[in-house]
Number of protein chains: 2
Amino acid sequence: MKTTATANANIAVIKYWGRRNDELVLPYNNSISFTMDELQTKTTVEFVDGLKADELILDGKVATEKELLRVQNFLDIIRTKIGTKKHAKVVSKNSFAKSAGLASSAAAFAALAKAATKAAGMDFEDKQLSMLARRGSGSASRSIHGGAVEWLAGKREDGEDCYAIQLSKPNDWPELRNVIAISSEHEKKVGSAAGMKFSVQNSALFKSRLESVEERAAKVREAIKKRDFGTMARSIMQESNNMHAVMLDSWPPLIYLNEVSFRVIDAIIDLNSRHSKEVAAYTFDAGPNAHIYTTNRHEKEVKEILDEINGVQKTIIAKVGEGAKINSDHLF
Amino acid sequence: MKTTATANANIAVIKYWGRRNDELVLPYNNSISFTMDELQTKTTVEFVDGLKADELILDGKVATEKELLRVQNFLDIIRTKIGTKKHAKVVSKNSFAKSAGLASSAAAFAALAKAATKAAGMDFEDKQLSMLARRGSGSASRSIHGGAVEWLAGKREDGEDCYAIQLSKPNDWPELRNVIAISSEHEKKVGSAAGMKFSVQNSALFKSRLESVEERAAKVREAIKKRDFGTMARSIMQESNNMHAVMLDSWPPLIYLNEVSFRVIDAIIDLNSRHSKEVAAYTFDAGPNAHIYTTNRHEKEVKEILDEINGVQKTIIAKVGEGAKINSDHLF
């Protein structure tokens, strides 16, 4: 059955960096994110009788071999589960540029997990979907849910306790915003999966990061419960700094931030100091683009500041968004 | 008695970042450097009867209040030791721009310690001189010696076991070079003393740095003993990354590197990978200028690579240099 699903990207405030198991995509630490609208992937999947191989169209173009291989591997997991050898046609569309640190793979594999399981005739609950999406891209496990989401690292070797849970619903914190400042749409030189391996193996600071991350996560959870932006702002920024510090301490050193990123960091610290409290908080994934969490009261001010920074090419304002869901409007 | 001394800067390969005692300038960890020629300070000191206050001329200009205060505080230590109230005239000249991460305060306080003690009629041994210079600027304790130098952190509260020792003589490793790539001569926004306080107090990774630094130091000591560049190159680079990672993890985040620094890092990693071994190693102090350690075999190649990097304003090649010494050619 031809099935279409949409999913939104999520922007982590407590980061996923480092895997205890590569094949099953099991992380070392819990991570927390907000699923944000504006950054959406829509995917249509159909398992077709007699198709000789999986077909993948991304944003109107035939996918590269590397992209296709990743989707094939993911579909293999589903095929194994239901005992079929049928290949699938997959068409996917992003509302934003891929691979520029805009968490595109999170939305992509959440949408694919949702669409492909339904297309294969399976009716997965969110927990199962999250575990499946995780296999495609770790952070995709979070995009199954809307709102504030925590991906539990779990302890089991088989990963059956490693999935995302919803901390609060999309409408629970309607004032929250993420102002995204894009300074580069280039693909990153070292992908996240390779990068985090360098950190786990070669960063002398990685273990210490794992010891301090739960303290920041606790602050963020408390802030989400109370919808208190001030409580989480500093922890968000320190968490981003901490991850990028570990990246720099890796071998070879991983440098995802650029000079525009550093200008944004300075500008946000200045903004908060003018307000004598934290009204905005920056966070950076494995890329130079800035995600500035703030509230509706300050979104205009934040956007204006970002738009004036030399090197910022455009800004996007996102609100807390929905989880992955079925859509009746197919792409083919 | 009017006395003149010269001292060279030193470029640390195992870094000094973080003090266990601010007033006595006692560091948390041992640091290792090479004293390099080309970056020299010359200082003439005279304690003058009837002079109402200390006078300080730096590079031909009357010093700022901040600069004067630092020198006054230093001279006070000497005055207390010998029980005099006489003020001094101090004239000092640098062969390079101050405060741009070129370790100018190391050369400055090493030369001042050497000249001022002699001018005050004291005959200090190197160990005592190193402890005195340390009070002016931590890294100045290392510039008392030429060659490869280790500053022992010590354990005593009074700092009497906290001084630098010579690991090898200036002529022991004549092939060693430091190619300096200057990309900015601006003063840094946050001085080292303030910056390291932020790291000690607010970096979750600082403690972990202290746990890993001795491993890198051991490699460097071994390499110095064997004059084996390859053995120490990787450790030098990882040590620099590690310190700048801790800086980034501090609050507020300390960002001393700029985009030119990151281009240099990439270029040196590329160079080494073309040679399939480490022929050069970068290190950065609390500033954006790159110090590339290499050997005479590769100095020309390294200089050419650096000269071609966008944003590199000039390059200087330094060799291993002498320690602080008395000079008969006075500045006034």
# chains A, B, ... in the order shown; residues from 1 in each chain; ligands from 1
>>> select_by_dssp(residues="range 110-310 of chain A", states="strand (DSSP E or B)", output="PyMOL selection string")
chain A and resi 148-151+164-168+176-182+280-283+290-295
>>> residues_around(residues="Ser33 in chain B", least_positions_apart="5", cutoff="12 Å", atoms="only C-alpha atoms", output="PyMOL selection string")
chain B and resi 8-16+103+106+139-152+164-168+170+178+217+220-221+224+236+283+285+291+293+320-321
>>> interface_residues(of="chain B", to="chain A", cutoff="9 Å", atoms="only C-alpha atoms", output="PyMOL selection string")
chain B and resi 203-209+211-212+238-253+255+258-259+262+265+269
>>> atom_distance(atom1="CA of Met131 in chain A", atom2="CA of Pro174 in chain A")
27.7 Å
>>> closest_residue(among="A:Ser92, A:Thr6, A:Thr117, A:Ser328", to="Ile77 in chain A", atoms="only C-alpha atoms")
A:Thr117
>>> residues_around(residues="Leu331 in chain A", least_positions_apart="4", cutoff="10 Å", atoms="only C-alpha atoms", output="MDAnalysis selection string")
chainID A and resid 2:4 42:45 90:93
>>> select_by_dssp(residues="range 162-276 of chain B", states="helix (DSSP H, G or I)", output="ChimeraX atom specification")
/B:170-172,192-202,206-226,229-248,259-275
>>> closest_residue(among="B:Cys162, B:Ala281, B:Leu210, B:Ala7", to="Leu24 in chain B", atoms="only C-alpha atoms")
B:Cys162
>>> closest_residue(among="A:Glu55, A:Glu46, A:Glu157, A:Asp123", to="Tyr28 in chain A", atoms="only C-alpha atoms")
A:Glu157
>>> residues_around(residues="Glu301 in chain B", least_positions_apart="5", cutoff="12 Å", atoms="only C-alpha atoms", output="list in words")
Val179, Ala267, Ile268, Leu271, Asn272, His275, Val279, Ala280, Ile292, Thr294, Thr295, Asn296, Leu306, Asp307, Glu308 and Ile317 of chain B
>>> residues_around(residues="Ala181 in chain B", least_positions_apart="6", cutoff="9 Å", atoms="only C-alpha atoms", output="list in words")
Ser261, Val264, Asn289, Ala290, His291, Ile292, Lys303, Leu306, Asp307, Val312, Gln313, Lys314, Thr315 and Ile316 of chain B
